[in-house]
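The block underneath contains the structure these notes are about, expressed in structure tokens.
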Amino acid sequence: MARYTGAVCRQCRREGQKLFLKGERCYSDKCAFARRSTVPGQHGPNQMRKKVSEYGLQLRAKQSTRRYYGVLEGQFAEYFDMAERKAGMTGENLLRILESRLDNVVYRCGFAASRKEARQLIRHGHYTLNGHKANIPSILVKSGDVVDVKTT
């Protein structure tokens with residue numbers, strides 16, 4: 001699937017919170033959100049904060065979750081449908097599915113500084129899943145699966 005290739009610091013500013021999309025840079029003083037925490041765009045600095053509707057709050061929560069995991073709208077909708085079909089709370093199921101993606105597992109294991117870097121390393125074939133080459137970042141990892149660094 002495709003991925004967002006634009007300015008990621010802009011996404012943090014749009015959401016009004018740090019999403020830690022650039023790895024180490026987000027922890028330093030160079031972080032764009034730390035430098036200017038206004039909404040991006042021409043009218044961002046002087047934009048009056050209006051009362052946000054319930055729909056607006058839900059939309060911002062969905063968008064920040066999508067951006068945090070680096071998933072575009074179509075794939076996110078598929079994950080939501082999968083989560084809805086499972087027994088239990090849909091929101092928790094959705095987060096479980098997103099956390100079980102291979103790129104997220106590689107990031108959580110500490111093999112990469114960010115999800116974007118983990119995705120690139122997977123695409124370049126640096127990891128194996130259960131002893132087999134895995135170069136698709138969206139593979140859903142099950143409990144008991146072994147993710148390892150590929151040895152040449």
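Labeling convention for the structure tokens: chains A, B, ... as they appear, residues from 1 per chain, ligands from 1 in order of appearance.
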*Which parts of chain A does DSSP call strand (DSSP E or B) when run on the backbone here, written out as JSON, numbers by chain?*
{"A": [101, 127, 128, 129, 132, 133, 140, 147, 148, 149]}
Could you build a table of the residues in range 86-106 of chain A lying no more than 8 Å from range 65-80 of chain A, giving for each the nearest pair of atoms and their separation in Å rounded to one decimal place, using only C-alpha atoms, ordered by chain and ascending residue number, as CSV?
residue,atom,partner,partner_atom,distance
A:Thr90,CA,A:Phe80,CA,7.6
A:Leu94,CA,A:Phe80,CA,5.9
A:Ile97,CA,A:Tyr79,CA,7.0
A:Leu98,CA,A:Tyr69,CA,7.1
A:Asn104,CA,A:Tyr69,CA,7.5
Could you write those residues out with all heavy atoms, as an mmCIF file, in the first residue's frame?
data_model
loop_
_atom_site.group_PDB
_atom_site.id
_atom_site.type_symbol
_atom_site.label_atom_id
_atom_site.label_comp_id
_atom_site.auth_asym_id
_atom_site.auth_seq_id
_atom_site.Cartn_x
_atom_site.Cartn_y
_atom_site.Cartn_z
ATOM 1 N N THR A 90 -14.628 -2.638 19.931
ATOM 2 C CA THR A 90 -14.055 -2.361 18.615
ATOM 3 C C THR A 90 -12.787 -1.531 18.716
ATOM 4 O O THR A 90 -11.802 -1.806 18.024
ATOM 5 C CB THR A 90 -15.089 -1.629 17.732
ATOM 6 O OG1 THR A 90 -16.277 -2.409 17.686
ATOM 7 C CG2 THR A 90 -14.571 -1.446 16.331
ATOM 8 N N LEU A 94 -9.158 -2.660 17.403
ATOM 9 C CA LEU A 94 -8.456 -1.886 16.377
ATOM 10 C C LEU A 94 -7.027 -1.597 16.796
ATOM 11 O O LEU A 94 -6.086 -1.778 16.009
ATOM 12 C CB LEU A 94 -9.208 -0.577 16.098
ATOM 13 C CG LEU A 94 -8.573 0.373 15.091
ATOM 14 C CD1 LEU A 94 -8.492 -0.285 13.721
ATOM 15 C CD2 LEU A 94 -9.358 1.657 15.012
ATOM 16 N N ILE A 97 -4.909 -4.702 16.525
ATOM 17 C CA ILE A 97 -4.536 -4.996 15.134
ATOM 18 C C ILE A 97 -3.401 -4.082 14.695
ATOM 19 O O ILE A 97 -2.418 -4.527 14.096
ATOM 20 C CB ILE A 97 -5.764 -4.842 14.203
ATOM 21 C CG1 ILE A 97 -6.769 -5.959 14.472
ATOM 22 C CG2 ILE A 97 -5.344 -4.851 12.738
ATOM 23 C CD1 ILE A 97 -8.114 -5.757 13.816
ATOM 24 N N LEU A 98 -3.513 -2.791 14.984
ATOM 25 C CA LEU A 98 -2.472 -1.843 14.587
ATOM 26 C C LEU A 98 -1.145 -2.141 15.278
ATOM 27 O O LEU A 98 -0.074 -2.001 14.679
ATOM 28 C CB LEU A 98 -2.917 -0.416 14.892
ATOM 29 C CG LEU A 98 -4.040 0.127 14.011
ATOM 30 C CD1 LEU A 98 -4.567 1.435 14.568
ATOM 31 C CD2 LEU A 98 -3.571 0.296 12.579
ATOM 32 N N ASN A 104 5.308 -2.026 13.273
ATOM 33 C CA ASN A 104 5.144 -1.576 14.652
ATOM 34 C C ASN A 104 5.876 -2.502 15.625
ATOM 35 O O ASN A 104 6.464 -2.045 16.592
ATOM 36 C CB ASN A 104 3.664 -1.497 15.019
ATOM 37 C CG ASN A 104 3.466 -0.793 16.327
ATOM 38 O OD1 ASN A 104 3.694 0.395 16.452
ATOM 39 N ND2 ASN A 104 3.071 -1.554 17.332
#
*Could you check which of A:Arg101, A:His132, A:Lys18, A:Lys86 is closest to Ala118 in chain A, using only C-alpha atoms?*
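Comparing A:Arg101, A:His132, A:Lys18, A:Lys86 against Ala118 in chain A, the winner is A:Arg101.
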Applying 7 Å and only C-alpha atoms, which residues near Pro40 in chain A remain after dropping the ones on its own chain fewer than 6 positions away? List them as a short mmCIF file (atom, residue, chain, number, x, y, z; two decimals) with C-alpha atoms, in the first residue's frame.
data_model
loop_
_atom_site.label_atom_id
_atom_site.label_comp_id
_atom_site.auth_asym_id
_atom_site.auth_seq_id
_atom_site.Cartn_x
_atom_site.Cartn_y
_atom_site.Cartn_z
CA ARG A 10 3.24 19.36 10.03
CA ARG A 13 1.29 20.47 14.61
CA ARG A 14 -2.12 19.78 13.02
#
_From a backbone DSSP assignment, name each residue in range 21-133 of chain A labelled helix (DSSP H, G or I), as a PyMOL selection string._
chain A and resi 23-27+32-35+54-69+73-85+90-99+102-109+115-123
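Considering the residues A:Val106, A:Val52, A:Cys31, A:Ala61 and counting only C-alpha atoms, Ser138 in chain A has its shortest atom-to-atom contact with A:Val106.
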*Of the candidates A:Gly88, A:Asp148, A:Asp29, A:Asn93, which one gets nearest to Cys109 in chain A if we count only C-alpha atoms?*
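Looking only at the distances to Cys109 in chain A, the closest residue turns out to be A:Asp148.
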*Long-range neighbours of range 110-116 of chain A as a PyMOL selection string, 9 Å cut-off, only C-alpha atoms, 3 positions minimum in chain*: chain A and resi 20-24+68-70+103-107+119-121+149
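CA of Asn130 in chain A lies 9.2 Å from CA of Gly144 in chain A.
Going from CA of Gly16 in chain A over to CA of Ser53 in chain A, you cover 16.2 Å.
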